[in-house]
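Notes to accompany the following structure.
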Amino acid sequence: MAESAIVSRHLRALWACPGTELGVVGWPATKRERAFVSWHYWWQAHLIDCAVDAANRAPTSVRRKRISELVRSHRIRNITGWTNNYYDDMAWLAIALERAERTQGITEARGALVALEKKLYEAWNPEVGGGIPWRVRADYYNAPANGPAAIALNRLGRHTRAQEMADWLDATLRDSSTGLILDGIHLPSGVIERPTFTYCQGVVLGVETELAMHTGAERHLERVHRLLVAVEDHMTAGGVIKGGGGGDGGLFNGILARYLAVVAMMLPGEDRQQVADRQAAAAIVRASATAAWANRLEVEGEPLFGADWSKPAQLPGGTAGAGYFTTGGSVTSSKVPERDLSVQLSGWLLMEAAYQVSAAGL
């Protein structure tokens, strides 16, 4: 039903071109949104990732065709090619396309992955002690770029670089007082930006879990455990992932849920600690999904998820109050966050994550 709601409310042909489909970023949509003047590259990457989830869960020709159309449309709308100037955006797209190719055989992704892998790999900057910047020629090196880039590069076979990135994240951005991953650092000045966001925790949990599976190194298991405890202590209430907003922030909690499911499904080891960690990660996903579903609105028979999963969803009224780009390049929340595609994608992401852990008996 989460999938169906996005398909019916948000998907439409790009500029009326046959064989295309892209996500309209608001519902109800403004004229600019329907015309894809605004389209938000990294939101569309997560739309592709969710479409891959759905095809893996219940394979059909319609779902597989949808992935191909979304991938093709992403390239057309980006106009200049597959890449852009934001390393976090490119990392999210690389993750989605690698999964589309590996699990669904979507061959359109091959050229994109070559271009994206090159950009992400070559962005590593040993001159300032490592890390990749948020944006081309920026001095800000953050978890939202390095985390997903490490996941993408690890899955593309660049295991050594992924391990370097994970070690850099742990050494540079882990807050010693809370155990959470901080947002980022300006280099070479060393000034740290200290906000903590759910998706920063999610991507680090994801890459550390996959590195633990690939390398067997004890430090990755230890980091997953330590960060999972920090997430439970600081980012959940009653077992449910806390908070949430719209705009770019609408995706943050869904990303944490996705990678908690990765911990639940993939963390290796049969010691008591690893078993408990898998169960704890799955429990947060299940509790969050139960809360989000209980607090949804039913609109014409389909769910509308709340921006905060622990509170009743709000119905957006009309097309007023749409989000906008800031000068820094981020997207603000709509006046009613529930109108943002990001918020609804987060709900879909959460439901797919809950399906995975439930189907695995966790």
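Ordering of the structure tokens sets the chain letters (A, B, ...), residue numbers begin anew at 1 in every chain, and ligands are numbered from 1 in the order given.
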Find the residues near Gly245 of chain A: any atom within 8 Å, counting only C-alpha atoms, skip ones fewer than 2 places away on the same chain, and give them as number ranges by chain.
A: 243, 247, 249-250, 307-308, 333, 337, 343
Neighbouring residues of Pro268 of chain A were defined as those with any atom within 8 Å, considering only C-alpha atoms; residues of the same chain fewer than 3 positions away were excluded. Please report them as a ChimeraX atom specification.
/A:209,212-213,274
Long-range neighbours of segment 88-97 of chain A as a ChimeraX atom specification, 8 Å cut-off, only C-alpha atoms, 4 positions minimum in chain
/A:41-42,45-46,48-49,52,71,83-84,101,109,112-113,116-117,120,134-135,144-146,148-149,151-152
Kindly save the residues from that selection, with C-alpha atoms included, as a PDB file, in the first residue's frame.
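Once written, part_32.pdb looks like this:
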```pdb
ATOM      1  CA  TYR A  41      18.205  14.331  -7.673  1.00  0.00           C
ATOM      2  CA  TRP A  42      18.775  12.498  -4.373  1.00  0.00           C
ATOM      3  CA  ALA A  45      17.673   8.051  -6.139  1.00  0.00           C
ATOM      4  CA  HIS A  46      15.747   6.832  -3.083  1.00  0.00           C
ATOM      5  CA  ILE A  48      14.678   4.026  -7.449  1.00  0.00           C
ATOM      6  CA  ASP A  49      15.961   2.229  -4.325  1.00  0.00           C
ATOM      7  CA  VAL A  52      14.120  -2.080  -6.272  1.00  0.00           C
ATOM      8  CA  VAL A  71      16.581   5.143 -14.179  1.00  0.00           C
ATOM      9  CA  THR A  83      26.714  12.999 -12.224  1.00  0.00           C
ATOM     10  CA  ASN A  84      26.315  16.361 -10.528  1.00  0.00           C
ATOM     11  CA  GLU A 101      21.735  -4.011 -11.679  1.00  0.00           C
ATOM     12  CA  ALA A 109      22.807   1.317 -14.978  1.00  0.00           C
ATOM     13  CA  ALA A 112      26.140   5.303 -14.822  1.00  0.00           C
ATOM     14  CA  LEU A 113      27.920   3.165 -12.249  1.00  0.00           C
ATOM     15  CA  LEU A 116      29.685   7.506 -10.422  1.00  0.00           C
ATOM     16  CA  GLU A 117      32.307   5.104  -9.046  1.00  0.00           C
ATOM     17  CA  LEU A 120      33.352   8.952  -5.644  1.00  0.00           C
ATOM     18  CA  TRP A 134      30.005  17.244   0.443  1.00  0.00           C
ATOM     19  CA  ARG A 135      30.235  19.143  -2.822  1.00  0.00           C
ATOM     20  CA  PRO A 144      26.041  12.273   4.525  1.00  0.00           C
ATOM     21  CA  ALA A 145      28.645  12.128   1.734  1.00  0.00           C
ATOM     22  CA  ASN A 146      31.220   9.737   3.187  1.00  0.00           C
ATOM     23  CA  PRO A 148      26.766   6.409   1.423  1.00  0.00           C
ATOM     24  CA  ALA A 149      29.919   6.736  -0.712  1.00  0.00           C
ATOM     25  CA  ILE A 151      28.558   1.788   1.072  1.00  0.00           C
ATOM     26  CA  ALA A 152      28.524   2.305  -2.702  1.00  0.00           C
TER      27      ALA A 152
END
```
Contact residues around Lys242 of chain A with only C-alpha atoms at 10 Å, ignoring same-chain residues under 2 positions, as a ChimeraX atom specification
/A:198,231,234-240,244,253,288,308-310
Give me the residues near Ala283 of chain A as a PyMOL selection string, where near means some atom within 10 Å (using only C-alpha atoms) and where sequence neighbours in that chain fewer than 3 positions away do not count.
chain A and resi 239-240+260-261+264+277-280+286-289+354+357-358+362
For a quick check of understanding, using only C-alpha atoms, which of A:Ala58, A:Ala322, A:Val24, A:Ile181 has the smallest distance to Gln356 of chain A?
A:Ala58
State, in Å with one decimal place, the distance from atom CA of Val203 of chain A to atom CA of Arg258 of chain A.
9.0 Å
